[in-house]
Every structure is written in structure tokens, then in C-alpha cells.
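Participant: I'm passing along input_3.txt; it holds compact mmCIF, C-alpha atoms.
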```txt
# COMPACT_ATOMS: atom_id res chain seq x y z
CA MET J 1 69.27 18.12 -105.78
CA SER J 2 71.74 20.44 -104.04
CA LEU J 3 74.73 21.70 -105.98
CA LYS J 4 77.94 20.20 -104.64
CA VAL J 5 80.75 22.73 -104.37
CA LEU J 6 84.30 21.65 -103.53
CA THR J 7 86.64 24.30 -102.09
CA VAL J 8 90.31 23.32 -102.27
CA ASP J 9 92.51 25.69 -100.29
CA ASP J 10 95.21 25.27 -97.64
CA SER J 11 93.78 28.23 -95.74
CA LYS J 12 90.92 27.40 -93.42
CA THR J 13 90.01 31.10 -93.57
CA ILE J 14 89.44 31.04 -97.32
CA ARG J 15 87.53 27.74 -97.14
CA MET J 16 85.31 29.32 -94.51
CA ILE J 17 84.73 32.42 -96.65
CA VAL J 18 83.77 30.21 -99.60
CA LYS J 19 81.38 28.19 -97.42
CA LYS J 20 79.82 31.38 -96.11
CA ALA J 21 79.40 32.77 -99.62
CA PHE J 22 77.38 29.73 -100.72
CA ARG J 23 75.40 29.45 -97.46
CA PRO J 24 72.32 31.34 -98.76
CA TYR J 25 72.04 28.91 -101.67
CA ASP J 26 70.96 25.32 -101.97
CA CYS J 27 74.53 23.98 -101.97
CA GLU J 28 76.58 21.41 -100.12
CA VAL J 29 80.13 22.70 -99.69
CA TYR J 30 82.95 20.18 -99.27
CA GLU J 31 86.50 21.09 -98.24
CA ALA J 32 89.98 19.87 -99.13
CA GLU J 33 93.32 21.28 -97.95
CA ASN J 34 95.48 20.58 -101.01
CA GLY J 35 95.48 19.10 -104.50
CA VAL J 36 95.87 15.50 -103.36
CA GLU J 37 92.92 15.76 -100.98
CA GLY J 38 91.07 17.69 -103.67
CA LEU J 39 91.44 14.94 -106.27
CA SER J 40 90.37 12.35 -103.73
CA SER J 41 87.28 14.45 -102.90
CA VAL J 42 86.44 14.89 -106.59
CA GLY J 43 86.28 11.09 -106.90
CA SER J 44 84.06 10.64 -103.87
CA VAL J 45 81.90 13.79 -103.98
CA LYS J 46 81.65 14.38 -107.75
CA PRO J 47 81.20 18.14 -107.32
CA GLY J 48 79.33 20.38 -109.72
CA LEU J 49 81.79 23.22 -109.15
CA ILE J 50 85.35 23.43 -107.81
CA ILE J 51 86.83 26.57 -106.21
CA LEU J 52 90.56 25.92 -106.47
CA ASP J 53 93.45 27.83 -104.91
CA ILE J 54 96.76 27.89 -106.78
CA THR J 55 99.41 28.13 -104.07
CA MET J 56 99.10 25.13 -101.77
CA PRO J 57 101.50 22.66 -100.17
CA VAL J 58 101.66 18.94 -101.13
CA MET J 59 100.02 19.50 -104.53
CA ASN J 60 99.27 22.97 -105.84
CA GLY J 61 96.19 23.99 -107.78
CA ILE J 62 97.87 23.88 -111.18
CA GLU J 63 99.00 20.28 -110.74
CA MET J 64 95.57 19.31 -109.47
CA LEU J 65 93.91 20.97 -112.44
CA GLU J 66 96.21 19.18 -114.90
CA LYS J 67 95.38 15.82 -113.32
CA LEU J 68 91.68 16.68 -113.26
CA LYS J 69 91.69 17.58 -116.95
CA SER J 70 93.42 14.28 -117.82
CA VAL J 71 90.51 12.21 -116.46
CA PRO J 72 87.61 12.12 -118.97
CA GLU J 73 85.06 11.63 -116.20
CA PHE J 74 86.17 14.81 -114.41
CA GLN J 75 87.50 17.08 -117.15
CA ASP J 76 84.19 18.90 -117.64
CA ILE J 77 83.72 19.84 -113.98
CA PRO J 78 83.81 23.67 -113.97
CA VAL J 79 86.68 25.20 -111.99
CA ILE J 80 87.07 28.74 -110.65
CA MET J 81 90.69 29.40 -109.74
CA LEU J 82 91.62 31.61 -106.80
CA THR J 83 94.93 33.42 -106.97
CA ALA J 84 96.68 36.09 -104.96
CA GLU J 85 98.53 37.17 -108.10
CA SER J 86 96.90 39.54 -110.56
CA GLY J 87 99.95 39.92 -112.87
CA LYS J 88 99.43 39.64 -116.63
CA GLU J 89 101.49 36.44 -117.00
CA ASN J 90 99.71 34.71 -114.17
CA VAL J 91 96.29 35.61 -115.55
CA MET J 92 97.29 34.39 -119.04
CA ARG J 93 98.55 31.13 -117.58
CA ILE J 94 95.26 30.57 -115.73
CA VAL J 95 93.19 31.35 -118.80
CA LYS J 96 95.20 28.89 -120.91
CA MET J 97 94.64 26.10 -118.39
CA GLY J 98 90.99 25.87 -119.39
CA VAL J 99 89.40 27.03 -116.18
CA LYS J 100 85.94 28.58 -116.41
CA ASP J 101 86.93 31.70 -114.51
CA TYR J 102 89.33 33.05 -111.93
CA LEU J 103 89.19 35.39 -108.97
CA VAL J 104 92.07 37.44 -107.60
CA LYS J 105 92.40 37.63 -103.82
CA PRO J 106 91.35 39.74 -101.98
CA PHE J 107 87.75 39.18 -103.01
CA LYS J 108 84.30 39.70 -101.55
CA ASP J 109 81.92 36.76 -101.29
CA VAL J 110 79.49 38.53 -103.63
CA GLN J 111 82.19 38.52 -106.36
CA LEU J 112 82.61 34.77 -105.98
CA ILE J 113 78.86 34.24 -106.25
CA GLU J 114 78.71 36.44 -109.37
CA LYS J 115 81.39 34.28 -111.00
CA ALA J 116 79.69 31.05 -109.90
CA GLU J 117 76.28 32.16 -111.20
CA LYS J 118 77.75 32.55 -114.69
CA ILE J 119 78.72 28.88 -114.65
CA VAL J 120 76.15 27.01 -112.56
CA THR J 121 72.59 27.59 -111.38
CA LEU J 122 72.40 28.73 -107.77
CA THR J 123 69.02 28.38 -106.10
CA PRO J 124 68.48 30.65 -103.10
CA LYS J 125 67.39 28.76 -100.00
CA ALA J 126 64.74 31.43 -99.53
CA ALA J 127 62.97 29.92 -102.52
CA GLN J 128 62.32 26.84 -100.44
CA GLY J 129 60.77 28.76 -97.57
CA ALA J 130 62.08 30.66 -94.58
CA LYS J 131 65.84 30.97 -94.36
CA GLU J 132 67.56 28.67 -91.90
CA SER J 133 70.70 30.16 -90.40
CA ASP J 134 72.51 28.45 -87.55
CA GLY J 135 69.15 27.30 -86.21
CA GLU J 136 67.73 30.82 -86.28
CA ASN J 137 64.94 31.92 -88.59
CA TYR J 138 65.38 35.62 -89.23
CA PHE J 139 62.90 35.89 -92.09
CA LYS J 140 59.19 35.32 -92.03
CA ARG J 141 56.58 36.15 -94.63
CA ILE J 142 53.38 37.68 -93.28
CA ASP J 143 50.79 38.35 -96.00
CA ASP J 144 52.44 40.74 -98.44
CA PHE J 145 55.29 41.62 -96.10
CA LEU J 146 58.68 40.14 -95.40
CA VAL J 147 59.56 40.46 -91.70
CA LEU J 148 63.19 40.35 -90.63
CA SER J 149 63.12 39.53 -86.92
CA LEU J 150 66.37 40.42 -85.21
CA PRO J 151 67.46 38.44 -82.13
CA GLU J 152 68.10 39.82 -78.62
CA ASN J 153 71.80 40.28 -79.26
CA VAL J 154 72.73 41.46 -82.75
CA ALA J 155 76.39 40.40 -82.89
CA ARG J 156 78.71 40.29 -85.89
CA PRO J 157 77.71 36.72 -87.01
CA VAL J 158 74.07 37.82 -87.18
CA VAL J 159 75.03 40.76 -89.41
CA LEU J 160 77.06 38.46 -91.68
CA ASP J 161 74.13 36.04 -91.95
CA ILE J 162 71.83 38.90 -92.88
CA GLU J 163 74.32 40.30 -95.38
CA ASN J 164 74.53 36.89 -97.02
CA SER J 165 70.83 36.14 -97.10
CA LEU J 166 68.91 39.39 -97.43
CA VAL J 167 69.41 40.05 -101.13
CA PRO J 168 68.55 36.48 -102.30
CA THR J 169 65.50 36.55 -100.01
CA LEU J 170 64.30 39.94 -101.27
CA THR J 171 64.93 38.97 -104.89
CA GLU J 172 63.03 35.71 -104.56
CA LEU J 173 60.07 37.27 -102.77
CA LYS J 174 59.88 40.16 -105.23
CA LYS J 175 59.07 37.56 -107.88
CA LYS J 176 56.00 36.77 -105.73
CA GLU J 177 55.21 40.50 -105.54
CA VAL J 178 56.30 40.82 -101.92
CA ASN J 179 58.05 44.17 -101.89
CA LYS J 180 57.75 45.48 -98.33
CA LEU J 181 60.28 44.72 -95.59
CA ILE J 182 59.68 45.24 -91.87
CA VAL J 183 62.72 44.99 -89.63
CA ASP J 184 61.33 43.80 -86.32
CA MET J 185 63.64 44.81 -83.45
CA GLN J 186 61.19 44.21 -80.61
CA ARG J 187 63.42 41.49 -79.13
CA VAL J 188 66.64 43.51 -79.44
CA GLN J 189 68.01 44.36 -75.99
CA LYS J 190 70.87 46.68 -76.88
CA VAL J 191 71.84 49.08 -79.64
CA ASN J 192 75.39 48.38 -80.82
CA VAL J 193 77.48 48.92 -83.94
CA SER J 194 76.44 45.55 -85.38
CA LEU J 195 72.77 46.51 -85.13
CA ILE J 196 73.45 49.84 -86.86
CA LYS J 197 75.36 48.01 -89.60
CA ALA J 198 72.47 45.56 -90.06
CA ILE J 199 69.93 48.39 -90.32
CA LEU J 200 72.03 50.39 -92.81
CA PHE J 201 72.66 47.26 -94.88
CA ALA J 202 68.92 46.51 -95.00
CA ILE J 203 68.10 50.10 -96.00
CA THR J 204 70.71 50.08 -98.77
CA LYS J 205 69.61 46.73 -100.18
CA CYS J 206 65.93 47.71 -100.03
CA LYS J 207 66.73 50.84 -102.03
CA GLU J 208 68.71 48.82 -104.57
CA THR J 209 65.94 46.26 -105.00
CA ASP J 210 63.10 48.80 -104.83
CA VAL J 211 61.61 47.33 -101.67
CA ALA J 212 59.82 49.59 -99.15
CA PHE J 213 61.30 49.57 -95.64
CA LYS J 214 59.97 50.13 -92.11
CA MET J 215 61.33 49.41 -88.62
CA VAL J 216 59.65 48.27 -85.43
CA GLY J 217 61.11 48.53 -81.92
CA LYS J 218 60.46 49.31 -78.27
CA PRO J 219 60.52 52.95 -77.07
CA LYS J 220 63.90 52.49 -75.35
CA LEU J 221 65.41 51.20 -78.60
CA GLN J 222 63.90 54.11 -80.51
CA GLU J 223 65.62 56.50 -78.09
CA ASP J 224 68.96 54.68 -78.30
CA LEU J 225 68.89 54.71 -82.11
CA LYS J 226 68.57 58.49 -81.99
CA GLY J 227 72.04 58.54 -80.42
CA PHE J 228 73.59 57.33 -83.67
CA LYS J 229 73.93 59.82 -86.49
CA GLU J 230 73.05 57.22 -89.14
CA THR J 231 69.78 56.19 -87.48
CA SER J 232 68.78 59.35 -85.63
CA GLU J 233 66.23 60.40 -88.24
CA LEU J 234 64.72 56.99 -89.00
CA PRO J 235 61.14 56.45 -87.83
CA VAL J 236 60.60 53.42 -85.60
CA PHE J 237 57.09 52.06 -85.12
CA ALA J 238 55.91 50.47 -81.90
CA THR J 239 54.19 47.44 -83.48
CA ILE J 240 54.21 45.50 -86.71
CA ASP J 241 50.59 46.54 -87.34
CA GLU J 242 51.57 50.23 -87.08
CA ALA J 243 54.43 49.67 -89.50
CA LYS J 244 52.13 47.85 -91.95
CA ALA J 245 49.65 50.71 -91.83
CA ALA J 246 52.42 53.22 -92.58
CA PHE J 247 53.38 51.70 -95.97
CA MET P 1 112.53 44.55 -120.34
CA LYS P 2 113.29 44.91 -116.66
CA LYS P 3 112.73 48.23 -114.96
CA ASP P 4 115.44 49.37 -112.56
CA LEU P 5 114.61 47.79 -109.21
CA LYS P 6 115.45 50.96 -107.30
CA SER P 7 113.15 53.01 -109.53
CA LEU P 8 110.11 50.95 -108.56
CA ASP P 9 107.72 52.53 -106.08
CA LEU P 10 107.82 49.62 -103.64
CA PRO P 11 106.28 51.59 -100.75
CA GLY P 12 103.43 52.60 -103.10
CA PHE P 13 102.92 48.95 -104.08
CA ILE P 14 102.80 47.96 -100.39
CA VAL P 15 100.35 50.71 -99.43
CA ASN P 16 98.02 49.83 -102.31
CA ALA P 17 98.21 46.08 -101.64
CA ALA P 18 97.66 46.35 -97.87
CA SER P 19 94.87 48.92 -98.21
CA GLU P 20 93.07 46.78 -100.81
CA VAL P 21 93.28 43.64 -98.67
CA PHE P 22 92.06 45.40 -95.55
CA ASP P 23 89.26 47.18 -97.36
CA THR P 24 88.01 44.17 -99.35
CA MET P 25 88.41 41.34 -96.86
CA LEU P 26 88.02 43.18 -93.58
CA SER P 27 86.10 46.41 -94.34
CA MET P 28 88.84 48.21 -92.44
CA ALA P 29 90.44 51.48 -93.49
CA LEU P 30 94.20 51.77 -93.01
CA GLU P 31 95.98 55.04 -92.36
CA THR P 32 99.66 55.26 -93.35
CA MET P 33 102.18 56.55 -90.84
CA GLU P 34 105.72 57.89 -91.13
CA SER P 35 107.15 55.54 -88.51
CA VAL P 36 106.18 53.13 -85.77
CA PRO P 37 104.75 55.26 -82.92
CA ASP P 38 106.69 55.38 -79.70
CA GLU P 39 104.00 53.65 -77.66
CA PRO P 40 104.13 50.60 -75.41
CA ALA P 41 103.90 47.62 -77.73
CA ASP P 42 101.83 44.51 -77.16
CA ASP P 43 104.26 41.78 -76.04
CA TYR P 44 102.69 39.04 -78.10
CA ARG P 45 103.25 39.53 -81.82
CA TYR P 46 102.58 37.83 -85.12
CA VAL P 47 104.75 38.12 -88.22
CA GLY P 48 103.46 36.65 -91.47
CA SER P 49 106.11 36.11 -94.12
CA VAL P 50 106.07 35.27 -97.82
CA SER P 51 109.23 34.80 -99.92
CA PHE P 52 109.97 35.48 -103.60
CA THR P 53 112.50 33.58 -105.71
CA GLY P 54 113.45 33.99 -109.38
CA ASP P 55 115.08 36.96 -111.14
CA ILE P 56 114.51 38.64 -107.82
CA ALA P 57 114.71 37.20 -104.31
CA GLY P 58 113.32 38.50 -101.09
CA ASN P 59 110.38 38.51 -98.79
CA ILE P 60 107.56 40.54 -97.34
CA ARG P 61 106.83 40.55 -93.64
CA PHE P 62 103.52 41.57 -92.17
CA GLY P 63 103.92 42.31 -88.47
CA LEU P 64 101.30 43.22 -85.90
CA SER P 65 100.34 42.88 -82.25
CA GLY P 66 98.39 39.95 -80.86
CA ALA P 67 95.42 42.24 -80.21
CA PHE P 68 95.33 43.53 -83.79
CA ALA P 69 95.77 39.99 -85.13
CA ALA P 70 92.81 38.85 -83.02
CA LEU P 71 90.70 41.75 -84.30
CA ILE P 72 91.50 40.91 -87.93
CA THR P 73 90.78 37.24 -87.35
CA ALA P 74 87.47 38.05 -85.71
CA GLU P 75 86.47 40.28 -88.61
CA MET P 76 87.47 37.68 -91.19
CA MET P 77 85.69 34.83 -89.38
CA GLY P 78 82.62 36.77 -88.32
CA MET P 79 83.28 36.45 -84.60
CA GLU P 80 84.07 38.70 -81.66
CA PRO P 81 87.81 38.91 -80.80
CA GLY P 82 87.17 37.28 -77.41
CA GLU P 83 85.55 34.26 -79.06
CA ILE P 84 88.72 33.16 -80.85
CA ALA P 85 90.03 30.18 -78.95
CA ASP P 86 92.54 28.64 -81.33
CA PRO P 87 95.79 30.55 -82.08
CA ALA P 88 96.05 28.44 -85.24
CA ASP P 89 93.03 30.34 -86.60
CA VAL P 90 94.82 33.65 -86.01
CA ALA P 91 97.98 32.32 -87.67
CA ASP P 92 95.94 31.11 -90.65
CA VAL P 93 94.35 34.53 -91.15
CA ILE P 94 97.68 36.37 -90.78
CA GLY P 95 99.25 33.94 -93.26
CA GLU P 96 96.43 34.52 -95.74
CA VAL P 97 96.65 38.32 -95.42
CA SER P 98 100.44 38.06 -95.95
CA ASN P 99 99.82 35.86 -98.99
CA MET P 100 97.43 38.41 -100.50
CA ILE P 101 99.79 41.34 -99.91
CA GLY P 102 102.74 39.29 -101.20
CA GLY P 103 100.76 38.09 -104.22
CA ASP P 104 99.92 41.64 -105.22
CA LEU P 105 103.56 42.79 -104.81
CA LYS P 106 104.79 39.79 -106.77
CA SER P 107 102.40 40.69 -109.60
CA ARG P 108 103.69 44.28 -109.68
CA LEU P 109 107.30 42.98 -109.75
CA CYS P 110 106.52 40.50 -112.56
CA ASP P 111 104.78 43.26 -114.55
CA ALA P 112 108.00 45.29 -114.18
CA GLY P 113 109.96 42.41 -115.72
CA TRP P 114 111.20 40.77 -112.53
CA ASN P 115 109.83 37.24 -112.79
CA CYS P 116 109.60 35.35 -109.54
CA THR P 117 107.54 32.75 -107.74
CA LEU P 118 105.88 33.07 -104.40
CA SER P 119 106.27 30.77 -101.39
CA ILE P 120 103.53 29.49 -99.14
CA PRO P 121 103.17 31.89 -96.20
CA SER P 122 104.73 31.16 -92.83
CA VAL P 123 103.78 32.78 -89.55
CA THR P 124 105.99 33.44 -86.53
CA MET P 125 104.34 34.30 -83.23
CA GLY P 126 105.47 34.86 -79.70
CA ASN P 127 106.98 37.28 -77.22
CA ASP P 128 110.26 39.12 -77.42
CA PHE P 129 111.72 38.04 -80.76
CA THR P 130 113.59 39.97 -83.41
CA ILE P 131 113.91 39.14 -87.10
CA ARG P 132 116.98 40.63 -88.80
CA THR P 133 117.53 40.67 -92.53
CA LYS P 134 120.87 41.07 -94.33
CA ASN P 135 122.25 41.36 -97.83
CA PHE P 136 119.26 42.82 -99.64
CA ASP P 137 119.53 45.56 -102.27
CA VAL P 138 116.32 47.31 -101.29
CA ARG P 139 114.53 47.37 -97.98
CA GLU P 140 111.35 49.34 -97.34
CA THR P 141 108.99 49.38 -94.38
CA CYS P 142 105.49 50.84 -94.40
CA VAL P 143 103.62 51.54 -91.19
CA PHE P 144 99.85 51.48 -90.95
CA ARG P 145 97.34 52.38 -88.29
CA HIS P 146 93.77 51.24 -87.80
CA GLY P 147 92.33 52.97 -84.75
CA GLU P 148 94.67 52.23 -81.87
CA HIS P 149 96.33 49.33 -83.70
CA VAL P 150 99.55 49.49 -85.69
CA ALA P 151 100.88 47.07 -88.34
CA THR P 152 104.01 47.07 -90.46
CA VAL P 153 104.72 45.62 -93.89
CA GLU P 154 108.39 45.23 -94.72
CA ILE P 155 109.78 44.25 -98.10
CA ASN P 156 113.36 43.07 -98.71
CA VAL P 157 114.52 42.36 -102.26
CA LYS P 158 117.72 41.70 -104.19
CA THR P 159 118.47 40.74 -107.76
CA THR P 160 119.78 37.27 -108.46
CA SER P 161 120.83 37.65 -112.11
```
Give the structure from this file in C-alpha cells form.

Facilitator:
Amino acid sequence: MSLKVLTVDDSKTIRMIVKKAFRPYDCEVYEAENGVEGLSSVGSVKPGLIILDITMPVMNGIEMLEKLKSVPEFQDIPVIMLTAESGKENVMRIVKMGVKDYLVKPFKDVQLIEKAEKIVTLTPKAAQGAKESDGENYFKRIDDFLVLSLPENVARPVVLDIENSLVPTLTELKKKEVNKLIVDMQRVQKVNVSLIKAILFAITKCKETDVAFKMVGKPKLQEDLKGFKETSELPVFATIDEAKAAF
Amino acid sequence: MKKDLKSLDLPGFIVNAASEVFDTMLSMALETMESVPDEPADDYRYVGSVSFTGDIAGNIRFGLSGAFAALITAEMMGMEPGEIADPADVADVIGEVSNMIGGDLKSRLCDAGWNCTLSIPSVTMGNDFTIRTKNFDVRETCVFRHGEHVATVEINVKTTS
């Protein structure tokens, strides 16, 4: 059964960042804009984890937490508090409220996931098969290889999806002794900054997880990649079979 | 024990807070500038504001052009600037960035003995408006550049006790 995560924050931006952080995992993320809505959602959703902002209109996070802790049925639901204030007094106050952990804004989604993983079990979606992302399957397993197939237009959302899903996918497949990644760029029409970012991210994460890395692309793409300092020296193979043979 | 308000490095606090927010949330590097450059400004502007009340009262104001605000929103939401259709999304992001900068400043002030609470952010947007502040003990403005875009963070504070 999917983990239910409730994000309570008056900022749509933060709720969206929280949703995006949990997207690679088998989670259902529910949203509430303030403490009143949050308490109502706790009753209906019964979340397994609450990500709770402090400063909110109508009912702030501290009031919501106090009410939550006063209801026996809900008092054991783990809560991670989000706060923009890192001062000593504020941190002490949060700790005394009995929350499981807290995170000071600004934060990266990976920091939120690290905190969450200490409290609940997060199952990568990759463990269930190919990763679904906005209707697009970027990852495919072929024999002992993981193939990351990039779409025609590698825009910023594609890079964010890859950033969110690559590490869980690599980690999960490494357990099955799949430790070779081929980035297939045969469909890619244009070299842009987002594509370069995606390539560099994949290279970095492959190094960190000890996964071998090769790229595949058309001759025109190979030429265009040479125009960027970061990718000018990287070999690009013409076909997936050539890349496989080069490992 | 309160430290003398005028001895606090408020510009340093602002630079650290803004740089941290831009680096962590937006992967954007900010360059500090001496003053606002004498260049044609974008007519449409956003100003995010967060107030402090307690031993100390005041506010921080995060001001930037519509184009820079759209760029930040796009980066935060994983979109291209041209894809942002709802100005409310831009206002939400500018409010949240203001909240993060204000939250960090508030923490530094509290650690220096000046206890205060933080308001929910508000955002003003539009063409041709001026915000004037009066009766504050300390006023500092920091100017930042990211590429061709310029932003300012202003802090106004006064003691209440």
C-alpha cells in the first residue's frame, strides 16, 4: 500500500516541491493550505507522514501540531516541521513539540527525502518496474543494462524528472546487479543547456553509485555536443549495440 | 543580552541569506553590487515583504523585475519562463523567497538577543509604484545581480523597547 504523505503549507510552491520530492517513491501526496485544512485532511486521509509548515494563515503549524497531539488516534503520526527560521530558540521550540524532525528552508528535495527515510519506509517506484513520469517512460531495462531514453526536446521538466528518479532507479537496479547505464539520445533533436545538465547529472550520479556510463546519439548531436566544454571530450556511440560492446 | 543593533552586520546577514536561498532553491549564483545599475528598468515589478515585531520592529523587502520574477518562478516550478500563465504563481514564489530571506534574518536577530516574530509574506506587484519607509533606526539595501537581472533586498528595523 502506498505511503500517504500530507503536505500542509500555505505556499503552493513549497507544496509542489514536496510533491516533486516524493514523486520517485510509491507515495500518494495530499495537500492542505493551513492548519484547519490540515487537521481535516488528517481525519479523512489518515496520512503516514505529515510535512508541516510553521508560518501559515488561519491556523499555523504549531497550533495544528498541538491539536494533532491531543487526539490519541493521530498523536503518533510522524511530523516533519518546515521552518524558515534556523535560530536556536526556534529550533529548541520545535524539538520540544515532539516532532520527529525539522527542516530549515531553503532546502533541497534530497534533504527532505533523507529526513523522511529516517522515519518511514520509502519504496522507489523503480522497484515496481519502469518509472512512470508524466506519461513518459525514460527508463528501460535491456538485459544487464539500464537505458535512459531522452525525448526529442529535453526541457527543464525532463531534467527535474531525471534528477528525481535516476538515483532511486540506479540504486534499485544495482541490487539486481544491473550496473551499466546507456543514455540514449537518438531521439533528441537539439542540444541545449537542459540536455547538458541532464548528461552531467547522469555522469555524476553514475560515478557516485559506481555504475558504468555510455552515451548514444546521432552524428549531428555528437558534433553539437563537442561545442560545449563539458561534453566536448565525451565519446558518443552511434547505436545502443555499439555502446554495449564498448563496456 | 542584546547586541547593539547598529553593530550587527545586517548587510552581511542579507547577503548570506539571499545567496543561500538562491543557491539551494534555484541553483542560481548571486553577485553583489554596490548600487542599482543605471539601466532601463523593467516597468512591471514585484516586491515581496515580510515584517518583524517584538523587541525589534521592521521589515525586509525583496524587489525585482517581472522578468527576473518569472525566471525564478520557472526555475522553482521546473518550467520555462514563457510557460507561466498565472501571476499568482509568481507572487507565491516571490512571497516564499521573501519568507526564507526574512526567516534567516529573523533568526540572526533573535540569536543577537532581539526577539521578534515574523509575519506571513505579502507581495506587491505592478507598474510605476514607490514604497517609502519612515522612522526606522537602521536601513540597509543590498543589490544583487544574476546575469542581466538585478534584485534588491532592503531591511528596515527599529527598537521597540

Participant: Would you compute the distance between atom CA of J:Glu230 and atom CA of J:Val216? Give it in Å to one decimal.

Facilitator: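 These atoms are spaced 16.5 Å apart.
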
Participant: Using only C-alpha atoms, find the residues of chain P whose closest atom to chain J is at most 6 Å away, then write them as a tab-separated table (two decimals) with C-alpha atoms, keeping the file's coordinate frame.

Facilitator:
```
chain	number	residue	atom	x	y	z
P	21	VAL	CA	93.28	43.64	-98.67
P	78	GLY	CA	82.62	36.77	-88.32
P	100	MET	CA	97.43	38.41	-100.50
P	103	GLY	CA	100.76	38.09	-104.22
P	104	ASP	CA	99.92	41.64	-105.22
P	107	SER	CA	102.40	40.69	-109.60
```

Participant: Name all residues at most 10 Å from J:Arg23 (count all atoms listed in the file; drop same-chain ones fewer than 4 positions away) and give them as a count of residues only.

Facilitator: 13

Participant: Could you tell me which of J:Val167, J:Glu233, J:Val58, J:Tyr138 comes closest to J:Val110 if we count all atoms listed in the file?

Facilitator: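 Among J:Val167, J:Glu233, J:Val58, J:Tyr138, it is J:Val167 that comes nearest to J:Val110.
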
Participant: Find the residues near stretch 43-52 of chain J: any atom within 7 Å, counting all atoms listed in the file, skip ones fewer than 3 places away on the same chain, and give them as a list of chain:residue names.

Facilitator: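 My reading of the contact set: J:Leu3, J:Lys4, J:Val5, J:Leu6, J:Thr7, J:Val8, J:Asp9, J:Leu39, J:Ser40, J:Gly61, J:Ile77, J:Pro78, J:Val79, J:Ile80, J:Met81, J:Leu82.
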
Participant: Measuring between all atoms listed in the file, which one of P:Asn99, P:Asp4, P:Thr130, P:Val123 shows the shortest distance to P:Phe52?

Facilitator: P:Asn99

Participant: Residues within 8 Å of stretch 136-151 of chain P, please, as a list of chain:residue names. Count all atoms listed in the file; anything in the same chain fewer than 5 positions from it doesn't count.

Facilitator: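 The filter keeps P:Lys6, P:Leu10, P:Pro11, P:Ile14, P:Val15, P:Met28, P:Ala29, P:Leu30, P:Glu31, P:Thr32, P:Met33, P:Glu34, P:Ser35, P:Val36, P:Gly58, P:Phe62, P:Gly63, P:Leu64, P:Ser65, P:Ala67, P:Phe68, P:Asn156, P:Val157, P:Lys158, P:Thr159.
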
Participant: Take the selection from the previous step and output its residues with C-alpha atoms, as a PDB file, in the coordinates of the input.

Facilitator:
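The resulting file, again-v9.pdb, is shown below:
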```pdb
ATOM      1  CA  LYS P   6     115.450  50.960-107.300  1.00  0.00           C
ATOM      2  CA  LEU P  10     107.820  49.620-103.640  1.00  0.00           C
ATOM      3  CA  PRO P  11     106.280  51.590-100.750  1.00  0.00           C
ATOM      4  CA  ILE P  14     102.800  47.960-100.390  1.00  0.00           C
ATOM      5  CA  VAL P  15     100.350  50.710 -99.430  1.00  0.00           C
ATOM      6  CA  MET P  28      88.840  48.210 -92.440  1.00  0.00           C
ATOM      7  CA  ALA P  29      90.440  51.480 -93.490  1.00  0.00           C
ATOM      8  CA  LEU P  30      94.200  51.770 -93.010  1.00  0.00           C
ATOM      9  CA  GLU P  31      95.980  55.040 -92.360  1.00  0.00           C
ATOM     10  CA  THR P  32      99.660  55.260 -93.350  1.00  0.00           C
ATOM     11  CA  MET P  33     102.180  56.550 -90.840  1.00  0.00           C
ATOM     12  CA  GLU P  34     105.720  57.890 -91.130  1.00  0.00           C
ATOM     13  CA  SER P  35     107.150  55.540 -88.510  1.00  0.00           C
ATOM     14  CA  VAL P  36     106.180  53.130 -85.770  1.00  0.00           C
ATOM     15  CA  GLY P  58     113.320  38.500-101.090  1.00  0.00           C
ATOM     16  CA  PHE P  62     103.520  41.570 -92.170  1.00  0.00           C
ATOM     17  CA  GLY P  63     103.920  42.310 -88.470  1.00  0.00           C
ATOM     18  CA  LEU P  64     101.300  43.220 -85.900  1.00  0.00           C
ATOM     19  CA  SER P  65     100.340  42.880 -82.250  1.00  0.00           C
ATOM     20  CA  ALA P  67      95.420  42.240 -80.210  1.00  0.00           C
ATOM     21  CA  PHE P  68      95.330  43.530 -83.790  1.00  0.00           C
ATOM     22  CA  ASN P 156     113.360  43.070 -98.710  1.00  0.00           C
ATOM     23  CA  VAL P 157     114.520  42.360-102.260  1.00  0.00           C
ATOM     24  CA  LYS P 158     117.720  41.700-104.190  1.00  0.00           C
ATOM     25  CA  THR P 159     118.470  40.740-107.760  1.00  0.00           C
TER      26      THR P 159
END
```

Participant: Report, in Å with one decimal, the straight-line distance from atom CA of J:Ala198 to atom CA of J:Glu177.

Facilitator: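 Separation of atom CA of J:Ala198 and atom CA of J:Glu177: 23.7 Å.
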
Participant: Please compute the atom CA of J:Glu37-atom CA of J:Gln75 distance, one decimal, in Å.

Facilitator: 17.1 Å

Participant: Could you check the closest approach to J:Glu31 for each of J:Lys214, J:Lys96, J:Lys115, J:Arg15 and tell me which residue wins, using all atoms listed in the file?

Facilitator: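 Smallest separation from J:Glu31 among the options: J:Arg15.
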
Participant: Between J:Phe247, J:Asp76, J:Ile199, J:Gly38, which is the closest to J:Thr231 once you count only C-alpha atoms?

Facilitator: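 Answer, going by the shortest atom-to-atom distance: J:Ile199.
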
Participant: Can you tell me which residues surround P:Ala91 at a distance of at most 9 Å, considering all atoms listed in the file, apart from same-chain residues fewer than 5 positions away, and format the answer as a ChimeraX atom specification?

Facilitator: /P:46-48,69,73,96,122-125

Participant: Would you mind telling me which residue in P:Val93, P:Ile131, P:Ile155, P:Met79 lies nearest to P:Met25 when using all atoms listed in the file?

Facilitator: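 Under the stated criterion, the closest residue is P:Val93.
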
Participant: Of the candidates J:Val183, J:Met64, J:Val188, J:Val120, which shows the shortest atom-to-atom distance to J:Asn153, using all atoms listed in the file?

Facilitator: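 With all atoms listed in the file as the atom set, the closest residue is J:Val188.
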
Participant: Extract, using all atoms listed in the file, all DNA, RNA and protein residues at most 10 Å from J:Asn192, discarding same-chain residues fewer than 4 positions from it, and format them as a list in words.

Facilitator: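 Surrounding residues, per the criterion: Asn153, Val154, Ala155, Ile196, Lys197, Asp224, Leu225 and Phe228 of chain J.
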
Participant: If you keep C-alpha atoms, can you produce a file of those selected residues as a PDB file, keeping the file's coordinate frame?

Facilitator:
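Output file again14.pdb follows:
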```
ATOM      1  CA  ASN J 153      71.800  40.280 -79.260  1.00  0.00           C
ATOM      2  CA  VAL J 154      72.730  41.460 -82.750  1.00  0.00           C
ATOM      3  CA  ALA J 155      76.390  40.400 -82.890  1.00  0.00           C
ATOM      4  CA  ILE J 196      73.450  49.840 -86.860  1.00  0.00           C
ATOM      5  CA  LYS J 197      75.360  48.010 -89.600  1.00  0.00           C
ATOM      6  CA  ASP J 224      68.960  54.680 -78.300  1.00  0.00           C
ATOM      7  CA  LEU J 225      68.890  54.710 -82.110  1.00  0.00           C
ATOM      8  CA  PHE J 228      73.590  57.330 -83.670  1.00  0.00           C
TER       9      PHE J 228
END
```

Participant: Taking (88.5, 31.9, -81.9) in the coordinates of the supplied file, I want to know which residues reach to within 12 Å of it, counting all atoms listed in the file; could you give the answer as a list in words?

Facilitator: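 Selection result: Thr13 of chain J; Ala69, Ala70, Leu71, Ile72, Thr73, Ala74, Glu75, Met76, Met77, Gly78, Met79, Glu80, Pro81, Gly82, Glu83, Ile84, Ala85, Asp86, Pro87, Ala88, Asp89, Val90, Ala91, Asp92 and Val93 of chain P.
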